[in-house]
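Since the structure comes first, as structure tokens, the remarks are kept for the end.
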Amino acid sequence: MNNNDILRRLRYTFDLKELEIVDIFAAAEGVASQEQITAWLKKEDDAGYVEMIDVEMATFLNGFINTKRGKREGPQPVPEKRLTNNAVFMKLRIALNLQAEEILDIMSLAEFNLSKHELSSFFRKPDNRHYCECKDQILRNFLMGLQKQFRV
């Protein structure tokens, strides 16, 4: 999944206005203008579309964590230069304070079933032998389930 699509889905799910997204970036000590956000939210074939790079998405997700859970003490995490689906999934899990059972329930809302073992493999370190890469389909279904749970 591309970062712009993830941002669009999160914006819709949590009914985020562009100024709120600016504030989310600020919560991670990042800067994004309303014009930048407008360009990121456009569809790929629209005039003025700008691709959101990984470090910008990482900053947004760090800010989303800070907004939803509060800033942790000490220095803020440095946004990743390379973002994987596993990292996006993990950051959303942290921001929304979700336990494994809750994630499985969210996935079932999207009519996508996973076992607890499959789910835990996405949150392991890449060098762990039980680590599994989170494919687009899994992240897409998680975002769809979030939308069904939070967007009433």
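Letters A, B, ... mark the chains of the structure tokens in the order given; residue numbers begin at 1 per chain; ligand numbers begin at 1, in order shown.
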
Within 12 Å of A:Arg8 using only C-alpha atoms, minus same-chain residues under 5 positions, as an NGL selection string: :A and (1-3 or 13-18 or 21 or 37-44 or 52 or 57 or 143-144 or 147)

Residues within 9 Å of stretch 107-117 of chain A, only C-alpha atoms, excluding chain neighbours under 6 positions, as a PyMOL selection string: chain A and resi 100-101+138+141-146+148-149

Would you mind exporting all heavy atoms of the selected residues as a PDB file, in the first residue's frame?
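Okay, result.pdb is ready:
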ATOM      1  N   ALA A 100      -3.973  -8.044  21.000  1.00  0.00           N
ATOM      2  CA  ALA A 100      -4.100  -9.023  19.909  1.00  0.00           C
ATOM      3  C   ALA A 100      -5.557  -9.402  19.647  1.00  0.00           C
ATOM      4  O   ALA A 100      -5.997  -9.441  18.495  1.00  0.00           O
ATOM      5  CB  ALA A 100      -3.269 -10.260  20.223  1.00  0.00           C
ATOM      6  N   GLU A 101      -6.322  -9.658  20.697  1.00  0.00           N
ATOM      7  CA  GLU A 101      -7.717 -10.063  20.522  1.00  0.00           C
ATOM      8  C   GLU A 101      -8.522  -8.964  19.837  1.00  0.00           C
ATOM      9  O   GLU A 101      -9.387  -9.246  19.010  1.00  0.00           O
ATOM     10  CB  GLU A 101      -8.364 -10.415  21.876  1.00  0.00           C
ATOM     11  CG  GLU A 101      -7.783 -11.625  22.560  1.00  0.00           C
ATOM     12  CD  GLU A 101      -6.471 -11.339  23.291  1.00  0.00           C
ATOM     13  OE1 GLU A 101      -6.171 -10.161  23.606  1.00  0.00           O
ATOM     14  OE2 GLU A 101      -5.718 -12.299  23.526  1.00  0.00           O
ATOM     15  N   ILE A 138      -3.192  -7.696   4.033  1.00  0.00           N
ATOM     16  CA  ILE A 138      -3.437  -7.750   5.470  1.00  0.00           C
ATOM     17  C   ILE A 138      -3.595  -6.335   6.026  1.00  0.00           C
ATOM     18  O   ILE A 138      -4.533  -6.058   6.773  1.00  0.00           O
ATOM     19  CB  ILE A 138      -2.311  -8.527   6.181  1.00  0.00           C
ATOM     20  CG1 ILE A 138      -2.409  -9.990   5.762  1.00  0.00           C
ATOM     21  CG2 ILE A 138      -2.385  -8.374   7.695  1.00  0.00           C
ATOM     22  CD1 ILE A 138      -1.211 -10.834   6.040  1.00  0.00           C
ATOM     23  N   ASN A 141      -6.932  -4.890   4.878  1.00  0.00           N
ATOM     24  CA  ASN A 141      -8.065  -5.434   5.630  1.00  0.00           C
ATOM     25  C   ASN A 141      -8.111  -4.892   7.056  1.00  0.00           C
ATOM     26  O   ASN A 141      -9.193  -4.655   7.592  1.00  0.00           O
ATOM     27  CB  ASN A 141      -8.025  -6.967   5.631  1.00  0.00           C
ATOM     28  CG  ASN A 141      -8.602  -7.523   4.356  1.00  0.00           C
ATOM     29  OD1 ASN A 141      -9.795  -7.396   4.089  1.00  0.00           O
ATOM     30  ND2 ASN A 141      -7.760  -8.134   3.546  1.00  0.00           N
ATOM     31  N   PHE A 142      -6.946  -4.677   7.662  1.00  0.00           N
ATOM     32  CA  PHE A 142      -6.913  -4.072   8.995  1.00  0.00           C
ATOM     33  C   PHE A 142      -7.493  -2.657   8.940  1.00  0.00           C
ATOM     34  O   PHE A 142      -8.324  -2.285   9.770  1.00  0.00           O
ATOM     35  CB  PHE A 142      -5.478  -4.049   9.544  1.00  0.00           C
ATOM     36  CG  PHE A 142      -5.359  -3.333  10.860  1.00  0.00           C
ATOM     37  CD1 PHE A 142      -5.933  -3.844  12.005  1.00  0.00           C
ATOM     38  CD2 PHE A 142      -4.673  -2.133  10.953  1.00  0.00           C
ATOM     39  CE1 PHE A 142      -5.839  -3.181  13.222  1.00  0.00           C
ATOM     40  CE2 PHE A 142      -4.562  -1.458  12.150  1.00  0.00           C
ATOM     41  CZ  PHE A 142      -5.150  -1.984  13.300  1.00  0.00           C
ATOM     42  N   LEU A 143      -7.088  -1.870   7.942  1.00  0.00           N
ATOM     43  CA  LEU A 143      -7.605  -0.506   7.803  1.00  0.00           C
ATOM     44  C   LEU A 143      -9.111  -0.519   7.519  1.00  0.00           C
ATOM     45  O   LEU A 143      -9.855   0.335   8.014  1.00  0.00           O
ATOM     46  CB  LEU A 143      -6.845   0.242   6.706  1.00  0.00           C
ATOM     47  CG  LEU A 143      -5.383   0.566   7.034  1.00  0.00           C
ATOM     48  CD1 LEU A 143      -4.647   1.061   5.795  1.00  0.00           C
ATOM     49  CD2 LEU A 143      -5.280   1.567   8.163  1.00  0.00           C
ATOM     50  N   MET A 144      -9.576  -1.496   6.747  1.00  0.00           N
ATOM     51  CA  MET A 144     -11.004  -1.608   6.468  1.00  0.00           C
ATOM     52  C   MET A 144     -11.771  -1.958   7.744  1.00  0.00           C
ATOM     53  O   MET A 144     -12.844  -1.408   8.013  1.00  0.00           O
ATOM     54  CB  MET A 144     -11.248  -2.678   5.392  1.00  0.00           C
ATOM     55  CG  MET A 144     -12.686  -2.749   4.917  1.00  0.00           C
ATOM     56  SD  MET A 144     -12.964  -4.056   3.702  1.00  0.00           S
ATOM     57  CE  MET A 144     -11.686  -3.722   2.514  1.00  0.00           C
ATOM     58  N   GLY A 145     -11.206  -2.861   8.538  1.00  0.00           N
ATOM     59  CA  GLY A 145     -11.827  -3.208   9.813  1.00  0.00           C
ATOM     60  C   GLY A 145     -11.867  -2.029  10.765  1.00  0.00           C
ATOM     61  O   GLY A 145     -12.868  -1.808  11.456  1.00  0.00           O
ATOM     62  N   LEU A 146     -10.773  -1.259  10.798  1.00  0.00           N
ATOM     63  CA  LEU A 146     -10.755  -0.038  11.627  1.00  0.00           C
ATOM     64  C   LEU A 146     -11.872   0.904  11.204  1.00  0.00           C
ATOM     65  O   LEU A 146     -12.559   1.491  12.037  1.00  0.00           O
ATOM     66  CB  LEU A 146      -9.419   0.698  11.469  1.00  0.00           C
ATOM     67  CG  LEU A 146      -8.229   0.241  12.284  1.00  0.00           C
ATOM     68  CD1 LEU A 146      -7.007   1.109  11.957  1.00  0.00           C
ATOM     69  CD2 LEU A 146      -8.515   0.263  13.762  1.00  0.00           C
ATOM     70  N   LYS A 148     -14.690   0.153   9.800  1.00  0.00           N
ATOM     71  CA  LYS A 148     -15.993  -0.375  10.222  1.00  0.00           C
ATOM     72  C   LYS A 148     -16.195  -0.205  11.729  1.00  0.00           C
ATOM     73  O   LYS A 148     -17.316  -0.021  12.180  1.00  0.00           O
ATOM     74  CB  LYS A 148     -16.130  -1.832   9.818  1.00  0.00           C
ATOM     75  CG  LYS A 148     -16.294  -1.991   8.327  1.00  0.00           C
ATOM     76  CD  LYS A 148     -16.494  -3.417   7.914  1.00  0.00           C
ATOM     77  CE  LYS A 148     -16.694  -3.506   6.412  1.00  0.00           C
ATOM     78  NZ  LYS A 148     -17.022  -4.833   5.961  1.00  0.00           N
ATOM     79  N   GLN A 149     -15.109  -0.256  12.502  1.00  0.00           N
ATOM     80  CA  GLN A 149     -15.239  -0.124  13.945  1.00  0.00           C
ATOM     81  C   GLN A 149     -15.369   1.328  14.389  1.00  0.00           C
ATOM     82  O   GLN A 149     -16.181   1.647  15.247  1.00  0.00           O
ATOM     83  CB  GLN A 149     -14.057  -0.752  14.660  1.00  0.00           C
ATOM     84  CG  GLN A 149     -14.160  -0.607  16.165  1.00  0.00           C
ATOM     85  CD  GLN A 149     -13.269  -1.540  16.922  1.00  0.00           C
ATOM     86  OE1 GLN A 149     -12.759  -2.499  16.369  1.00  0.00           O
ATOM     87  NE2 GLN A 149     -13.082  -1.267  18.193  1.00  0.00           N
TER      88      GLN A 149
END

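One finds atom CA of A:Arg151 at 25.8 Å from atom CA of A:Ser33.
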
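Note that atom CA of A:Glu29 and atom CA of A:Pro79 are 10.2 Å apart.
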
Selection near A:Asn97, 9 Å with only C-alpha atoms, sequence-local residues under 4 positions removed, as a PDB file with N, CA, C and O atoms, in the first residue's frame:
ATOM      1  N   LYS A  68      -2.934  10.286  20.258  1.00  0.00           N
ATOM      2  CA  LYS A  68      -3.864   9.317  20.838  1.00  0.00           C
ATOM      3  C   LYS A  68      -3.454   8.862  22.239  1.00  0.00           C
ATOM      4  O   LYS A  68      -4.312   8.624  23.079  1.00  0.00           O
ATOM      5  N   ARG A  69      -2.149   8.717  22.494  1.00  0.00           N
ATOM      6  CA  ARG A  69      -1.688   8.143  23.755  1.00  0.00           C
ATOM      7  C   ARG A  69      -0.939   9.126  24.642  1.00  0.00           C
ATOM      8  O   ARG A  69      -0.662   8.835  25.789  1.00  0.00           O
ATOM      9  N   LEU A  92       0.160   1.797  14.299  1.00  0.00           N
ATOM     10  CA  LEU A  92      -1.292   1.932  14.486  1.00  0.00           C
ATOM     11  C   LEU A  92      -1.754   1.145  15.710  1.00  0.00           C
ATOM     12  O   LEU A  92      -2.610   1.608  16.471  1.00  0.00           O
ATOM     13  N   ARG A  93      -1.160  -0.008  15.926  1.00  0.00           N
ATOM     14  CA  ARG A  93      -1.480  -0.808  17.106  1.00  0.00           C
ATOM     15  C   ARG A  93      -1.142  -0.030  18.379  1.00  0.00           C
ATOM     16  O   ARG A  93      -1.925   0.005  19.321  1.00  0.00           O
TER      17      ARG A  93
END

Residues of stretch 59-140 of chain A in helix (DSSP H, G or I), written as an NGL selection string: :A and (59-69 or 85-95 or 100-109 or 116-122 or 136-140)

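Nearest-residue note for A:Leu10: choosing from A:Phe64, A:Ile106, A:Met90, A:Leu83, the minimum distance belongs to A:Phe64, counting only C-alpha atoms.
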